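Structure below is target14.pdb: PDB, N, CA and C atoms.
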ATOM      1  N   MET A 297     -21.544 -43.167  19.995
ATOM      2  CA  MET A 297     -21.418 -44.543  19.598
ATOM      3  C   MET A 297     -20.918 -44.628  18.159
ATOM      4  N   ALA A 298     -21.387 -43.725  17.309
ATOM      5  CA  ALA A 298     -20.947 -43.733  15.920
ATOM      6  C   ALA A 298     -19.453 -43.428  15.814
ATOM      7  N   LEU A 299     -18.933 -42.638  16.751
ATOM      8  CA  LEU A 299     -17.510 -42.308  16.718
ATOM      9  C   LEU A 299     -16.618 -43.487  17.036
ATOM     10  N   VAL A 300     -17.062 -44.353  17.923
ATOM     11  CA  VAL A 300     -16.200 -45.430  18.405
ATOM     12  C   VAL A 300     -16.640 -46.811  17.932
ATOM     13  N   ALA A 301     -17.552 -46.877  16.976
ATOM     14  CA  ALA A 301     -18.041 -48.169  16.487
ATOM     15  C   ALA A 301     -16.893 -48.965  15.864
ATOM     16  N   PRO A 302     -16.650 -50.186  16.378
ATOM     17  CA  PRO A 302     -15.532 -50.970  15.850
ATOM     18  C   PRO A 302     -15.811 -51.583  14.469
ATOM     19  N   SER A 303     -17.077 -51.690  14.101
ATOM     20  CA  SER A 303     -17.407 -52.233  12.780
ATOM     21  C   SER A 303     -18.707 -51.604  12.294
ATOM     22  N   ILE A 304     -18.987 -51.829  11.030
ATOM     23  CA  ILE A 304     -20.183 -51.244  10.426
ATOM     24  C   ILE A 304     -21.465 -51.837  11.020
ATOM     25  N   HIS A 305     -21.386 -53.010  11.587
ATOM     26  CA  HIS A 305     -22.576 -53.651  12.165
ATOM     27  C   HIS A 305     -23.100 -52.900  13.384
ATOM     28  N   TRP A 306     -22.254 -52.128  14.044
ATOM     29  CA  TRP A 306     -22.681 -51.336  15.190
ATOM     30  C   TRP A 306     -23.649 -50.229  14.786
ATOM     31  N   TYR A 307     -23.630 -49.872  13.510
ATOM     32  CA  TYR A 307     -24.501 -48.798  13.050
ATOM     33  C   TYR A 307     -25.973 -49.201  13.054
ATOM     34  N   TYR A 308     -26.256 -50.492  13.062
ATOM     35  CA  TYR A 308     -27.648 -50.910  13.251
ATOM     36  C   TYR A 308     -28.161 -50.392  14.589
ATOM     37  N   LEU A 309     -27.349 -50.554  15.622
ATOM     38  CA  LEU A 309     -27.729 -50.052  16.944
ATOM     39  C   LEU A 309     -27.790 -48.522  16.947
ATOM     40  N   VAL A 310     -26.866 -47.876  16.261
ATOM     41  CA  VAL A 310     -26.887 -46.416  16.163
ATOM     42  C   VAL A 310     -28.212 -45.943  15.577
ATOM     43  N   PHE A 311     -28.662 -46.578  14.491
ATOM     44  CA  PHE A 311     -29.906 -46.162  13.847
ATOM     45  C   PHE A 311     -31.128 -46.498  14.697
ATOM     46  N   VAL A 312     -31.095 -47.585  15.432
ATOM     47  CA  VAL A 312     -32.190 -47.911  16.346
ATOM     48  C   VAL A 312     -32.284 -46.850  17.440
ATOM     49  N   LEU A 313     -31.146 -46.459  17.979
ATOM     50  CA  LEU A 313     -31.138 -45.438  19.026
ATOM     51  C   LEU A 313     -31.577 -44.075  18.489
ATOM     52  N   ILE A 314     -31.214 -43.755  17.252
ATOM     53  CA  ILE A 314     -31.675 -42.501  16.649
ATOM     54  C   ILE A 314     -33.196 -42.518  16.511
ATOM     55  N   GLY A 315     -33.751 -43.645  16.081
ATOM     56  CA  GLY A 315     -35.209 -43.761  15.967
ATOM     57  C   GLY A 315     -35.896 -43.615  17.311
ATOM     58  N   ALA A 316     -35.318 -44.219  18.350
ATOM     59  CA  ALA A 316     -35.885 -44.082  19.694
ATOM     60  C   ALA A 316     -35.814 -42.637  20.167
ATOM     61  N   PHE A 317     -34.700 -41.971  19.877
ATOM     62  CA  PHE A 317     -34.568 -40.566  20.243
ATOM     63  C   PHE A 317     -35.619 -39.709  19.557
ATOM     64  N   ILE A 318     -35.806 -39.903  18.267
ATOM     65  CA  ILE A 318     -36.766 -39.086  17.531
ATOM     66  C   ILE A 318     -38.177 -39.285  18.086
ATOM     67  N   SER A 319     -38.545 -40.523  18.373
ATOM     68  CA  SER A 319     -39.875 -40.787  18.931
ATOM     69  C   SER A 319     -40.041 -40.134  20.297
ATOM     70  N   ALA A 320     -39.059 -40.318  21.160
ATOM     71  CA  ALA A 320     -39.139 -39.729  22.498
ATOM     72  C   ALA A 320     -39.140 -38.210  22.433
ATOM     73  N   ASN A 321     -38.342 -37.651  21.546
ATOM     74  CA  ASN A 321     -38.266 -36.204  21.417
ATOM     75  C   ASN A 321     -39.603 -35.612  20.987
ATOM     76  N   GLN A 322     -40.297 -36.247  20.072
ATOM     77  CA  GLN A 322     -41.586 -35.727  19.627
ATOM     78  C   GLN A 322     -42.619 -35.758  20.750
ATOM     79  N   ILE A 323     -42.584 -36.786  21.557
ATOM     80  CA  ILE A 323     -43.522 -36.882  22.681
ATOM     81  C   ILE A 323     -43.195 -35.841  23.746
ATOM     82  N   VAL A 324     -41.936 -35.740  24.111
ATOM     83  CA  VAL A 324     -41.519 -34.834  25.170
ATOM     84  C   VAL A 324     -41.705 -33.377  24.764
ATOM     85  N   THR A 325     -41.415 -33.050  23.505
ATOM     86  CA  THR A 325     -41.535 -31.667  23.060
ATOM     87  C   THR A 325     -42.950 -31.152  23.258
ATOM     88  N   MET A 326     -43.923 -31.904  22.856
ATOM     89  CA  MET A 326     -45.307 -31.446  23.000
ATOM     90  C   MET A 326     -45.692 -31.330  24.479
ATOM     91  N   ASN A 327     -45.271 -32.273  25.297
ATOM     92  CA  ASN A 327     -45.648 -32.234  26.708
ATOM     93  C   ASN A 327     -44.989 -31.086  27.454
ATOM     94  N   ILE A 328     -43.735 -30.788  27.158
ATOM     95  CA  ILE A 328     -43.077 -29.701  27.883
ATOM     96  C   ILE A 328     -43.658 -28.354  27.483
ATOM     97  N   ILE A 329     -44.101 -28.232  26.239
ATOM     98  CA  ILE A 329     -44.750 -26.981  25.823
ATOM     99  C   ILE A 329     -45.997 -26.749  26.667
ATOM    100  N   LEU A 330     -46.741 -27.803  26.907
ATOM    101  CA  LEU A 330     -47.966 -27.681  27.701
ATOM    102  C   LEU A 330     -47.667 -27.301  29.146
ATOM    103  N   GLU A 331     -46.481 -27.667  29.649
ATOM    104  CA  GLU A 331     -46.102 -27.328  31.019
ATOM    105  C   GLU A 331     -45.725 -25.854  31.172
ATOM    106  N   PHE A 332     -45.270 -25.223  30.107
ATOM    107  CA  PHE A 332     -44.749 -23.864  30.198
ATOM    108  C   PHE A 332     -45.808 -22.781  30.073
ATOM    109  N   CYS A 333     -47.025 -23.123  29.771
ATOM    110  CA  CYS A 333     -47.994 -22.062  29.518
ATOM    111  C   CYS A 333     -49.358 -22.403  30.109
ATOM    112  N   SER A 334     -50.162 -21.373  30.172
ATOM    113  CA  SER A 334     -51.536 -21.568  30.629
ATOM    114  C   SER A 334     -52.357 -22.144  29.471
ATOM    115  N   PRO A 335     -53.505 -22.724  29.769
ATOM    116  CA  PRO A 335     -54.338 -23.293  28.694
ATOM    117  C   PRO A 335     -54.706 -22.283  27.607
ATOM    118  N   GLU A 336     -54.876 -21.021  27.976
ATOM    119  CA  GLU A 336     -55.241 -20.008  26.983
ATOM    120  C   GLU A 336     -54.097 -19.720  26.010
ATOM    121  N   ASP A 337     -52.851 -19.866  26.480
ATOM    122  CA  ASP A 337     -51.692 -19.545  25.652
ATOM    123  C   ASP A 337     -51.134 -20.740  24.884
ATOM    124  N   ARG A 338     -51.699 -21.908  25.051
ATOM    125  CA  ARG A 338     -51.146 -23.108  24.416
ATOM    126  C   ARG A 338     -51.055 -23.019  22.898
ATOM    127  N   PRO A 339     -52.081 -22.545  22.200
ATOM    128  CA  PRO A 339     -51.934 -22.465  20.734
ATOM    129  C   PRO A 339     -50.750 -21.574  20.312
ATOM    130  N   LEU A 340     -50.557 -20.468  21.012
ATOM    131  CA  LEU A 340     -49.452 -19.568  20.709
ATOM    132  C   LEU A 340     -48.108 -20.249  20.955
ATOM    133  N   TYR A 341     -47.953 -20.894  22.095
ATOM    134  CA  TYR A 341     -46.696 -21.546  22.435
ATOM    135  C   TYR A 341     -46.388 -22.691  21.474
ATOM    136  N   ILE A 342     -47.386 -23.481  21.137
ATOM    137  CA  ILE A 342     -47.170 -24.602  20.224
ATOM    138  C   ILE A 342     -46.769 -24.097  18.845
ATOM    139  N   SER A 343     -47.478 -23.109  18.331
ATOM    140  CA  SER A 343     -47.153 -22.595  16.997
ATOM    141  C   SER A 343     -45.797 -21.897  16.991
ATOM    142  N   ALA A 344     -45.474 -21.162  18.036
ATOM    143  CA  ALA A 344     -44.174 -20.493  18.095
ATOM    144  C   ALA A 344     -43.040 -21.512  18.186
ATOM    145  N   THR A 345     -43.238 -22.558  18.964
ATOM    146  CA  THR A 345     -42.205 -23.585  19.088
ATOM    147  C   THR A 345     -41.885 -24.203  17.743
ATOM    148  N   TYR A 346     -42.906 -24.592  17.014
ATOM    149  CA  TYR A 346     -42.664 -25.241  15.728
ATOM    150  C   TYR A 346     -42.221 -24.243  14.670
ATOM    151  N   ALA A 347     -42.657 -22.995  14.742
ATOM    152  CA  ALA A 347     -42.215 -21.989  13.775
ATOM    153  C   ALA A 347     -40.729 -21.680  13.948
ATOM    154  N   PHE A 348     -40.272 -21.586  15.199
ATOM    155  CA  PHE A 348     -38.867 -21.280  15.437
ATOM    156  C   PHE A 348     -37.959 -22.494  15.240
ATOM    157  N   SER A 349     -38.470 -23.695  15.424
ATOM    158  CA  SER A 349     -37.627 -24.872  15.247
ATOM    159  C   SER A 349     -37.583 -25.353  13.798
ATOM    160  N   ALA A 350     -38.523 -24.932  12.965
ATOM    161  CA  ALA A 350     -38.555 -25.382  11.568
ATOM    162  C   ALA A 350     -37.277 -25.015  10.805
ATOM    163  N   PRO A 351     -36.774 -23.791  10.914
ATOM    164  CA  PRO A 351     -35.524 -23.495  10.194
ATOM    165  C   PRO A 351     -34.345 -24.347  10.663
ATOM    166  N   VAL A 352     -34.291 -24.630  11.947
ATOM    167  CA  VAL A 352     -33.204 -25.464  12.468
ATOM    168  C   VAL A 352     -33.298 -26.871  11.882
ATOM    169  N   PHE A 353     -34.499 -27.445  11.891
ATOM    170  CA  PHE A 353     -34.669 -28.784  11.343
ATOM    171  C   PHE A 353     -34.443 -28.817   9.839
ATOM    172  N   SER A 354     -34.749 -27.733   9.172
ATOM    173  CA  SER A 354     -34.570 -27.681   7.719
ATOM    174  C   SER A 354     -33.111 -27.479   7.319
ATOM    175  N   LEU A 355     -32.402 -26.667   8.051
ATOM    176  CA  LEU A 355     -31.030 -26.335   7.682
ATOM    177  C   LEU A 355     -29.969 -27.272   8.255
ATOM    178  N   SER A 356     -30.280 -27.998   9.324
ATOM    179  CA  SER A 356     -29.259 -28.840   9.948
ATOM    180  C   SER A 356     -28.715 -29.927   9.020
ATOM    181  N   PRO A 357     -29.507 -30.593   8.173
ATOM    182  CA  PRO A 357     -28.898 -31.562   7.249
ATOM    183  C   PRO A 357     -27.962 -30.895   6.235
ATOM    184  N   ILE A 358     -28.308 -29.696   5.807
ATOM    185  CA  ILE A 358     -27.450 -28.982   4.853
ATOM    186  C   ILE A 358     -26.136 -28.583   5.525
ATOM    187  N   ILE A 359     -26.236 -28.068   6.733
ATOM    188  CA  ILE A 359     -25.030 -27.680   7.472
ATOM    189  C   ILE A 359     -24.183 -28.911   7.780
ATOM    190  N   GLY A 360     -24.834 -30.018   8.134
ATOM    191  CA  GLY A 360     -24.101 -31.265   8.373
ATOM    192  C   GLY A 360     -23.369 -31.735   7.129
ATOM    193  N   GLY A 361     -24.027 -31.662   5.975
ATOM    194  CA  GLY A 361     -23.374 -32.045   4.728
ATOM    195  C   GLY A 361     -22.195 -31.153   4.399
ATOM    196  N   LEU A 362     -22.351 -29.854   4.641
ATOM    197  CA  LEU A 362     -21.237 -28.932   4.415
ATOM    198  C   LEU A 362     -20.076 -29.226   5.361
ATOM    199  N   LEU A 363     -20.386 -29.556   6.598
ATOM    200  CA  LEU A 363     -19.345 -29.891   7.567
ATOM    201  C   LEU A 363     -18.577 -31.133   7.137
ATOM    202  N   VAL A 364     -19.282 -32.122   6.617
ATOM    203  CA  VAL A 364     -18.608 -33.324   6.123
ATOM    204  C   VAL A 364     -17.724 -32.981   4.927
ATOM    205  N   ASP A 365     -18.223 -32.138   4.023
ATOM    206  CA  ASP A 365     -17.426 -31.751   2.855
ATOM    207  C   ASP A 365     -16.181 -30.964   3.247
ATOM    208  N   VAL A 366     -16.343 -30.051   4.191
ATOM    209  CA  VAL A 366     -15.228 -29.189   4.584
ATOM    210  C   VAL A 366     -14.260 -29.911   5.524
ATOM    211  N   ALA A 367     -14.787 -30.672   6.459
ATOM    212  CA  ALA A 367     -13.934 -31.314   7.472
ATOM    213  C   ALA A 367     -13.930 -32.834   7.265
ATOM    214  N   SER A 368     -14.798 -33.532   7.997
ATOM    215  CA  SER A 368     -14.837 -34.995   7.911
ATOM    216  C   SER A 368     -16.089 -35.512   8.611
ATOM    217  N   TRP A 369     -16.302 -36.812   8.471
ATOM    218  CA  TRP A 369     -17.412 -37.440   9.188
ATOM    219  C   TRP A 369     -17.196 -37.350  10.696
ATOM    220  N   GLN A 370     -15.961 -37.492  11.122
ATOM    221  CA  GLN A 370     -15.669 -37.412  12.553
ATOM    222  C   GLN A 370     -16.046 -36.035  13.103
ATOM    223  N   ALA A 371     -15.807 -34.993  12.332
ATOM    224  CA  ALA A 371     -16.189 -33.643  12.776
ATOM    225  C   ALA A 371     -17.700 -33.545  12.928
ATOM    226  N   LEU A 372     -18.433 -34.136  12.000
ATOM    227  CA  LEU A 372     -19.893 -34.136  12.102
ATOM    228  C   LEU A 372     -20.356 -34.898  13.337
ATOM    229  N   PHE A 373     -19.755 -36.062  13.593
ATOM    230  CA  PHE A 373     -20.136 -36.846  14.764
ATOM    231  C   PHE A 373     -19.816 -36.094  16.047
ATOM    232  N   TRP A 374     -18.655 -35.433  16.095
ATOM    233  CA  TRP A 374     -18.312 -34.663  17.286
ATOM    234  C   TRP A 374     -19.268 -33.495  17.474
ATOM    235  N   ALA A 375     -19.606 -32.814  16.394
ATOM    236  CA  ALA A 375     -20.564 -31.708  16.490
ATOM    237  C   ALA A 375     -21.923 -32.225  16.948
ATOM    238  N   SER A 376     -22.313 -33.404  16.460
ATOM    239  CA  SER A 376     -23.592 -34.011  16.850
ATOM    240  C   SER A 376     -23.601 -34.442  18.306
ATOM    241  N   PHE A 377     -22.438 -34.609  18.873
ATOM    242  CA  PHE A 377     -22.335 -34.942  20.290
ATOM    243  C   PHE A 377     -22.217 -33.682  21.144
ATOM    244  N   LEU A 378     -21.365 -32.763  20.732
ATOM    245  CA  LEU A 378     -21.064 -31.597  21.566
ATOM    246  C   LEU A 378     -22.201 -30.570  21.609
ATOM    247  N   LEU A 379     -22.839 -30.304  20.488
ATOM    248  CA  LEU A 379     -23.900 -29.292  20.484
ATOM    249  C   LEU A 379     -25.098 -29.693  21.353
ATOM    250  N   PRO A 380     -25.619 -30.923  21.261
ATOM    251  CA  PRO A 380     -26.705 -31.289  22.183
ATOM    252  C   PRO A 380     -26.248 -31.341  23.646
ATOM    253  N   THR A 381     -24.986 -31.701  23.874
ATOM    254  CA  THR A 381     -24.471 -31.691  25.242
ATOM    255  C   THR A 381     -24.455 -30.275  25.798
ATOM    256  N   LEU A 382     -24.040 -29.325  24.977
ATOM    257  CA  LEU A 382     -24.075 -27.921  25.379
ATOM    258  C   LEU A 382     -25.510 -27.461  25.613
ATOM    259  N   ALA A 383     -26.419 -27.854  24.737
ATOM    260  CA  ALA A 383     -27.827 -27.483  24.901
ATOM    261  C   ALA A 383     -28.394 -28.066  26.191
ATOM    262  N   LEU A 384     -28.025 -29.301  26.512
ATOM    263  CA  LEU A 384     -28.489 -29.914  27.763
ATOM    264  C   LEU A 384     -27.948 -29.160  28.969
ATOM    265  N   ALA A 385     -26.694 -28.742  28.914
ATOM    266  CA  ALA A 385     -26.116 -27.980  30.022
ATOM    267  C   ALA A 385     -26.854 -26.657  30.221
ATOM    268  N   VAL A 386     -27.164 -25.961  29.133
ATOM    269  CA  VAL A 386     -27.919 -24.703  29.234
ATOM    270  C   VAL A 386     -29.309 -24.974  29.792
ATOM    271  N   LEU A 387     -29.951 -26.035  29.319
ATOM    272  CA  LEU A 387     -31.286 -26.386  29.813
ATOM    273  C   LEU A 387     -31.269 -26.645  31.308
ATOM    274  N   VAL A 388     -30.322 -27.423  31.765
ATOM    275  CA  VAL A 388     -30.264 -27.772  33.184
ATOM    276  C   VAL A 388     -29.942 -26.557  34.048
ATOM    277  N   MET A 389     -29.044 -25.695  33.565
ATOM    278  CA  MET A 389     -28.612 -24.565  34.392
ATOM    279  C   MET A 389     -29.530 -23.352  34.312
ATOM    280  N   LYS A 390     -30.190 -23.128  33.195
ATOM    281  CA  LYS A 390     -30.905 -21.879  32.996
ATOM    282  C   LYS A 390     -32.427 -21.988  32.988
ATOM    283  N   VAL A 391     -32.974 -23.143  32.673
ATOM    284  CA  VAL A 391     -34.426 -23.264  32.550
ATOM    285  C   VAL A 391     -34.998 -23.832  33.846
ATOM    286  N   LYS A 392     -35.944 -23.116  34.404
ATOM    287  CA  LYS A 392     -36.586 -23.581  35.638
ATOM    288  C   LYS A 392     -37.757 -24.499  35.279
ATOM    289  N   ASP A 393     -37.910 -25.550  36.027
ATOM    290  CA  ASP A 393     -39.003 -26.488  35.800
ATOM    291  C   ASP A 393     -40.322 -25.784  36.130
ATOM    292  N   PRO A 394     -41.203 -25.644  35.162
ATOM    293  CA  PRO A 394     -42.442 -24.887  35.407
ATOM    294  C   PRO A 394     -43.378 -25.575  36.390
ATOM    295  N   ARG A 395     -43.234 -26.860  36.570
ATOM    296  CA  ARG A 395     -44.111 -27.559  37.525
ATOM    297  C   ARG A 395     -43.829 -27.148  38.953
ATOM    298  N   HIS A 396     -42.612 -26.676  39.220
ATOM    299  CA  HIS A 396     -42.251 -26.258  40.569
ATOM    300  C   HIS A 396     -42.515 -24.772  40.813
ATOM    301  N   THR A 397     -42.781 -24.018  39.741
ATOM    302  CA  THR A 397     -43.030 -22.593  39.893
ATOM    303  C   THR A 397     -44.429 -22.184  39.517
ATOM    304  N   ALA A 398     -45.203 -23.104  38.967
ATOM    305  CA  ALA A 398     -46.550 -22.776  38.493
ATOM    306  C   ALA A 398     -47.471 -22.512  39.681
ATOM    307  N   THR A 399     -48.319 -21.498  39.520
ATOM    308  CA  THR A 399     -49.280 -21.182  40.569
ATOM    309  C   THR A 399     -50.705 -21.553  40.157
ATOM    310  N   THR A 400     -50.897 -21.816  38.854
ATOM    311  CA  THR A 400     -52.227 -22.196  38.383
ATOM    312  C   THR A 400     -52.256 -23.670  38.073
ATOM    313  N   THR A 401     -53.428 -24.238  38.117
ATOM    314  CA  THR A 401     -53.594 -25.637  37.762
ATOM    315  C   THR A 401     -54.399 -25.735  36.474
ATOM    316  N   ILE A 402     -54.287 -26.870  35.851
ATOM    317  CA  ILE A 402     -54.995 -27.085  34.580
ATOM    318  C   ILE A 402     -56.431 -27.444  34.823
TER     319      ILE A 402
END
Output the structure of this file as structure tokens.
Amino acid sequence: MALVAPSIHWYYLVFVLIGAFISANQIVTMNIILEFCSPEDRPLYISATYAFSAPVFSLSPIIGGLLVDVASWQALFWASFLLPTLALAVLVMKVKDPRHTATTTI
């Protein structure tokens, strides 16, 4: 949406959608972690998830700023579209839903 916004007023909607994404992502992240492990392993999975994602969350604004400096805002917007799309494709094709393969119950 940011790529094709006809005026600056469209960015209000862009920022609202970003806020909705961040809220939904925080809820979903915790719930999917709980689906992938047994109750005994939950502390390990939760801590590992946040430990491995912390560098990505910390460095992505810096990398985004460098991309804008080297290329353009359009390059940043395209990267912000293409990388999550690629991640979604990998998720759909490679990750099995644990609810369909789990043999234990909570």
Could you give me, as JSON lines, a per-residue list for stretch 350-396 of chain A showing, wherever an atom lies at most 8 Å from an atom of stretch 297-320 of chain A, the closest pair of atoms and their distance in Å to one decimal, using only N, CA and C atoms and sorting by chain then residue number from low to high?
{"residue": "A:Trp369", "atom": "C", "partner": "A:Leu299", "partner_atom": "CA", "distance": 7.8}
{"residue": "A:Gln370", "atom": "CA", "partner": "A:Leu299", "partner_atom": "CA", "distance": 6.7}
{"residue": "A:Phe373", "atom": "CA", "partner": "A:Leu299", "partner_atom": "N", "distance": 6.2}
{"residue": "A:Trp374", "atom": "N", "partner": "A:Leu299", "partner_atom": "CA", "distance": 7.0}
- Item | Nearest residue to A:Leu363 from the set A:Ala375, A:Ala347, A:Ile342, A:Leu330 (distances using only C-alpha atoms) |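 The closest residue to A:Leu363 is A:Ala375.
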- Chain and number of each residue from the PyMOL selection byres (((chain A and resi 326 and name CA) around 12) and name CA), as a list in words: Ser319, Ala320, Asn321, Gln322, Ile323, Val324, Thr325, Asn327, Ile328, Ile329, Leu330, Glu331, Phe332, Cys333, Arg338, Pro339, Tyr341, Ile342, Ser343, Thr345 and Tyr346 of chain A
With N, CA and C atoms retained, could you export that selection as a PDB file, in the frame of the given file?
ATOM      1  N   SER A 319     -38.545 -40.523  18.373  1.00  0.00           N
ATOM      2  CA  SER A 319     -39.875 -40.787  18.931  1.00  0.00           C
ATOM      3  C   SER A 319     -40.041 -40.134  20.297  1.00  0.00           C
ATOM      4  N   ALA A 320     -39.059 -40.318  21.160  1.00  0.00           N
ATOM      5  CA  ALA A 320     -39.139 -39.729  22.498  1.00  0.00           C
ATOM      6  C   ALA A 320     -39.140 -38.210  22.433  1.00  0.00           C
ATOM      7  N   ASN A 321     -38.342 -37.651  21.546  1.00  0.00           N
ATOM      8  CA  ASN A 321     -38.266 -36.204  21.417  1.00  0.00           C
ATOM      9  C   ASN A 321     -39.603 -35.612  20.987  1.00  0.00           C
ATOM     10  N   GLN A 322     -40.297 -36.247  20.072  1.00  0.00           N
ATOM     11  CA  GLN A 322     -41.586 -35.727  19.627  1.00  0.00           C
ATOM     12  C   GLN A 322     -42.619 -35.758  20.750  1.00  0.00           C
ATOM     13  N   ILE A 323     -42.584 -36.786  21.557  1.00  0.00           N
ATOM     14  CA  ILE A 323     -43.522 -36.882  22.681  1.00  0.00           C
ATOM     15  C   ILE A 323     -43.195 -35.841  23.746  1.00  0.00           C
ATOM     16  N   VAL A 324     -41.936 -35.740  24.111  1.00  0.00           N
ATOM     17  CA  VAL A 324     -41.519 -34.834  25.170  1.00  0.00           C
ATOM     18  C   VAL A 324     -41.705 -33.377  24.764  1.00  0.00           C
ATOM     19  N   THR A 325     -41.415 -33.050  23.505  1.00  0.00           N
ATOM     20  CA  THR A 325     -41.535 -31.667  23.060  1.00  0.00           C
ATOM     21  C   THR A 325     -42.950 -31.152  23.258  1.00  0.00           C
ATOM     22  N   ASN A 327     -45.271 -32.273  25.297  1.00  0.00           N
ATOM     23  CA  ASN A 327     -45.648 -32.234  26.708  1.00  0.00           C
ATOM     24  C   ASN A 327     -44.989 -31.086  27.454  1.00  0.00           C
ATOM     25  N   ILE A 328     -43.735 -30.788  27.158  1.00  0.00           N
ATOM     26  CA  ILE A 328     -43.077 -29.701  27.883  1.00  0.00           C
ATOM     27  C   ILE A 328     -43.658 -28.354  27.483  1.00  0.00           C
ATOM     28  N   ILE A 329     -44.101 -28.232  26.239  1.00  0.00           N
ATOM     29  CA  ILE A 329     -44.750 -26.981  25.823  1.00  0.00           C
ATOM     30  C   ILE A 329     -45.997 -26.749  26.667  1.00  0.00           C
ATOM     31  N   LEU A 330     -46.741 -27.803  26.907  1.00  0.00           N
ATOM     32  CA  LEU A 330     -47.966 -27.681  27.701  1.00  0.00           C
ATOM     33  C   LEU A 330     -47.667 -27.301  29.146  1.00  0.00           C
ATOM     34  N   GLU A 331     -46.481 -27.667  29.649  1.00  0.00           N
ATOM     35  CA  GLU A 331     -46.102 -27.328  31.019  1.00  0.00           C
ATOM     36  C   GLU A 331     -45.725 -25.854  31.172  1.00  0.00           C
ATOM     37  N   PHE A 332     -45.270 -25.223  30.107  1.00  0.00           N
ATOM     38  CA  PHE A 332     -44.749 -23.864  30.198  1.00  0.00           C
ATOM     39  C   PHE A 332     -45.808 -22.781  30.073  1.00  0.00           C
ATOM     40  N   CYS A 333     -47.025 -23.123  29.771  1.00  0.00           N
ATOM     41  CA  CYS A 333     -47.994 -22.062  29.518  1.00  0.00           C
ATOM     42  C   CYS A 333     -49.358 -22.403  30.109  1.00  0.00           C
ATOM     43  N   ARG A 338     -51.699 -21.908  25.051  1.00  0.00           N
ATOM     44  CA  ARG A 338     -51.146 -23.108  24.416  1.00  0.00           C
ATOM     45  C   ARG A 338     -51.055 -23.019  22.898  1.00  0.00           C
ATOM     46  N   PRO A 339     -52.081 -22.545  22.200  1.00  0.00           N
ATOM     47  CA  PRO A 339     -51.934 -22.465  20.734  1.00  0.00           C
ATOM     48  C   PRO A 339     -50.750 -21.574  20.312  1.00  0.00           C
ATOM     49  N   TYR A 341     -47.953 -20.894  22.095  1.00  0.00           N
ATOM     50  CA  TYR A 341     -46.696 -21.546  22.435  1.00  0.00           C
ATOM     51  C   TYR A 341     -46.388 -22.691  21.474  1.00  0.00           C
ATOM     52  N   ILE A 342     -47.386 -23.481  21.137  1.00  0.00           N
ATOM     53  CA  ILE A 342     -47.170 -24.602  20.224  1.00  0.00           C
ATOM     54  C   ILE A 342     -46.769 -24.097  18.845  1.00  0.00           C
ATOM     55  N   SER A 343     -47.478 -23.109  18.331  1.00  0.00           N
ATOM     56  CA  SER A 343     -47.153 -22.595  16.997  1.00  0.00           C
ATOM     57  C   SER A 343     -45.797 -21.897  16.991  1.00  0.00           C
ATOM     58  N   THR A 345     -43.238 -22.558  18.964  1.00  0.00           N
ATOM     59  CA  THR A 345     -42.205 -23.585  19.088  1.00  0.00           C
ATOM     60  C   THR A 345     -41.885 -24.203  17.743  1.00  0.00           C
ATOM     61  N   TYR A 346     -42.906 -24.592  17.014  1.00  0.00           N
ATOM     62  CA  TYR A 346     -42.664 -25.241  15.728  1.00  0.00           C
ATOM     63  C   TYR A 346     -42.221 -24.243  14.670  1.00  0.00           C
TER      64      TYR A 346
END
- Note on the structure: Atom pair atom N of A:Ala385 + atom N of A:Ala371, distance 20.8 Å
- Task: Evaluate the PyMOL selection byres (((chain A and resi 360 and name CA) around 12) and name CA) and record the selected residues as a ChimeraX atom specification, following the chain and residue labels used in the document.
- Result: /A:352-359,361-376
- Item | helix (DSSP H, G or I) call set, DSSP backbone run, chain A, as a PyMOL selection string | chain A and resi 306-331+335-366+369-390+394-397
- Task: For atom CA of A:Thr381 and atom CA of A:Ser349, determine how far apart the two atoms are, in Å to one decimal place.
- Result: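 Value for the atom CA of A:Thr381-atom CA of A:Ser349 distance: 17.9 Å.
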- Å distance separating atom CA of A:Ser334 from atom CA of A:His396, one decimal place: 14.4 Å
